[in-house]
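For reference, the structure is listed below as structure tokens.
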Amino acid sequence: MSHQIVVCGAGIVGLSTALALARRGQRVAVLAPRASVPAADPDRYHPRVYAISPASQRFLAELGVWDAMPASRLMPVGAMEIHGDADGQVNLNAWQAALPQLAWIVESGEIERVLIQAVRMFGIPWLEDRCTGYQSGAVETESGARIQAELFVGADGAASPLRTAAGLKHESRSYDDTGLVVHLDAERPHQGTAFQWFRDDGVLALLPLPDTSDGPQVSMVWSMRSERAQALLALPSDEQAARLEALLADAAEGRLGALKVRSKLHGFPLTLERAQMVAPGIALAGDAAHRLHPLAGQGLNLGLGDVEALARTVAGREPYREAGDLRVLHRYQRARAEPVLAMRLATDGLHKLFASRATPLVWLRNAGMQWVERAPLIKRRLIAGASTN
């Protein structure tokens, strides 16, 4: 079996890659088990939500995906409050950079559902199989098939089977932190504001969601030291909810009033990862290529930036070059080098800065936040940087 381009992976990055390439006239197929997303519950949100940047929103709109999502499931973020671990605080507002929104909070399930529909409507072949091996420009699958292509795109997640099978270099460093996610009922309205607290026990973020019949909703992402997080995850559900609500009452400083656990608590290990992005006939995108600390909420945005750059580069190659020509793929790699490195340094640097308990650093980081709060130009630059992929 032979194809021009095969995308391994059917998550948001994989399906976006297939759709972006197909819309640019490339012959592309998806290699992954058939994905399905349960129908949305009006009063329940998908466990995983993403903060979509203006650049990602524009890209999804170009793919015809954004406008297909129900507006009632999208939450525009107009402001952000960032609290230090002492008296430092920074307030960012969309109007400070002449933007309608800083970001949109969107459920993973809603994006996936619309992407699956778009891939089907576009007639993109879907090969219901798994990559288990790679040799001489061909992928070997779980069913025993051998698939050839000019280019294989690894958009198959942080544990990327394609990356492993092809022997691409990969580096990983554990933060010894666990990301805890859960949805909460809030006593007070969030007014479209995202909140973040840098604390000595991790980084807590509360992301606004559309109200339900039960009132205001927020999604919690708490990067907590793994030992403490695992102890919390091991508790029986009732005891776990009571413990988490008590921790939130202290950490969130009553900013949204009482916070009540609404959904199952999930945890995942946090790592800093990077991989060899290209090889002859192979390109990686999204978590398969790089993984960051979630404190800036930019992981998916970086992945969608990869997709946009890869589709533009491959479709814009010279007619005499194949899609997997290494010279073409090096252009993609160069296009992504600066934004990925900048975000990697920023998130890792912030994590190290706030993880230190040295008194001079505690004073310095909070004084720095106070200085930024009084500097409109710096705020505009911060917002502009977060608005790109």
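Naming works like this for the structure tokens: A, B, ... for the chains as they're shown, residue 1 at the start of each chain, ligands 1 onward in shown order.
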
With stretch 73-91 of chain A as the partner and 9 Å as the cut-off, tabulate the residues of stretch 118-215 of chain A that qualify, each row holding the nearest pair of atoms and their distance in Å to one decimal, using only C-alpha atoms, sorted by chain and rising number, as JSON lines.
```
{"residue": "A:Gln191", "atom": "CA", "partner": "A:Gly78", "partner_atom": "CA", "distance": 8.3}
{"residue": "A:Gly192", "atom": "CA", "partner": "A:Val77", "partner_atom": "CA", "distance": 4.9}
{"residue": "A:Thr193", "atom": "CA", "partner": "A:Ala79", "partner_atom": "CA", "distance": 4.7}
{"residue": "A:Ala194", "atom": "CA", "partner": "A:Met80", "partner_atom": "CA", "distance": 4.7}
{"residue": "A:Phe195", "atom": "CA", "partner": "A:Glu81", "partner_atom": "CA", "distance": 4.9}
{"residue": "A:Gln196", "atom": "CA", "partner": "A:Ile82", "partner_atom": "CA", "distance": 4.8}
{"residue": "A:Trp197", "atom": "CA", "partner": "A:His83", "partner_atom": "CA", "distance": 4.7}
{"residue": "A:Phe198", "atom": "CA", "partner": "A:Gly84", "partner_atom": "CA", "distance": 5.1}
{"residue": "A:Arg199", "atom": "CA", "partner": "A:Asp85", "partner_atom": "CA", "distance": 5.0}
{"residue": "A:Asp200", "atom": "CA", "partner": "A:Asp85", "partner_atom": "CA", "distance": 6.9}
{"residue": "A:Leu207", "atom": "CA", "partner": "A:Val77", "partner_atom": "CA", "distance": 8.6}
{"residue": "A:Pro208", "atom": "CA", "partner": "A:Met75", "partner_atom": "CA", "distance": 6.8}
{"residue": "A:Leu209", "atom": "CA", "partner": "A:Met75", "partner_atom": "CA", "distance": 5.6}
{"residue": "A:Pro210", "atom": "CA", "partner": "A:Met75", "partner_atom": "CA", "distance": 5.7}
```

Name all residues at most 10 Å from A:Arg327 (count only C-alpha atoms; drop same-chain ones fewer than 6 positions away) and give them as a VMD selection string. chain A and resid 279 to 280 317 321 333

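Residue nearest A:Gly299 within the list A:Ala10, A:Ala229, A:Ala158, A:Ala335: A:Ala158 [criterion: smallest interatomic distance, only C-alpha atoms].
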
Quick one: residues within 10 Å of A:Asp287, only C-alpha atoms counted, chain neighbours fewer than 3 positions away excluded, as an MDAnalysis selection string? chainID A and resid 13 154:160 273:275 284 290:292 299:300 302:303

In Å to one decimal, how far is atom CA of A:Ala18 from atom CA of A:Gly167?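 Here the two named atoms are 23.2 Å from each other.
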
One decimal, Å: what's the distance from atom CA of A:Gln135 over to atom CA of A:Gly305, could you say?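 One can read the atom CA of A:Gln135 to atom CA of A:Gly305 distance as 28.4 Å.
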
Residue neighbourhood A:Met121, 12 Å, only C-alpha atoms, exclusion window fewer than 2 positions, as a ChimeraX atom specification: /A:19,22-23,64-65,114-119,123-126

Can you pull out every residue from stretch 129-302 of chain A that DSSP, working from the backbone, puts in strand (DSSP E), and format the result as a PyMOL selection string? chain A and resi 131-135+138-141+146-154+170-186+193-199+202-212+215-225+259-261+266-275+278-279+282-284+290-291

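Counting only C-alpha atoms, the residue from A:Ala166, A:Leu270, A:Ala241, A:Ile105 that sits nearest to A:Tyr45 is A:Ile105.
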
Just want the 8 Å neighbourhood of A:Leu21, counted on only C-alpha atoms, with same-chain residues fewer than 6 positions away dropped. Output as a PyMOL selection string. chain A and resi 27-28+311+315

Output N, CA, C and O atoms for every residue in that selection, as a PDB file, in the first residue's frame.
```
ATOM      1  N   ARG A  27      -2.047  14.744  -1.144  1.00  0.00           N
ATOM      2  CA  ARG A  27      -2.718  13.452  -0.966  1.00  0.00           C
ATOM      3  C   ARG A  27      -2.276  12.864   0.369  1.00  0.00           C
ATOM      4  O   ARG A  27      -1.117  12.499   0.549  1.00  0.00           O
ATOM      5  N   VAL A  28      -3.203  12.813   1.291  1.00  0.00           N
ATOM      6  CA  VAL A  28      -2.854  12.459   2.662  1.00  0.00           C
ATOM      7  C   VAL A  28      -3.826  11.425   3.211  1.00  0.00           C
ATOM      8  O   VAL A  28      -4.998  11.382   2.818  1.00  0.00           O
ATOM      9  N   ALA A 311       2.439  22.156   6.989  1.00  0.00           N
ATOM     10  CA  ALA A 311       1.574  22.149   5.807  1.00  0.00           C
ATOM     11  C   ALA A 311       2.026  23.201   4.800  1.00  0.00           C
ATOM     12  O   ALA A 311       2.063  22.939   3.579  1.00  0.00           O
ATOM     13  N   ALA A 315       3.567  21.834   1.228  1.00  0.00           N
ATOM     14  CA  ALA A 315       2.784  22.201   0.045  1.00  0.00           C
ATOM     15  C   ALA A 315       3.515  23.204  -0.830  1.00  0.00           C
ATOM     16  O   ALA A 315       3.290  23.255  -2.052  1.00  0.00           O
TER      17      ALA A 315
END
```

Among listed residues A:Phe152, A:Phe268, A:Phe59, A:Tyr175, nearest A:Leu329 (using only C-alpha atoms):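 Comparing A:Phe152, A:Phe268, A:Phe59, A:Tyr175 against A:Leu329, the winner is A:Phe152.
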
Could you check the closest approach to A:Val7 for each of A:Thr347, A:Gln148, A:Ser263, A:Thr164 and tell me which residue wins, using only C-alpha atoms? A:Gln148

Nearest residue to A:Ala68 out of A:Glu227, A:Asp185, A:Glu110, A:Glu140, using only C-alpha atoms? A:Glu110
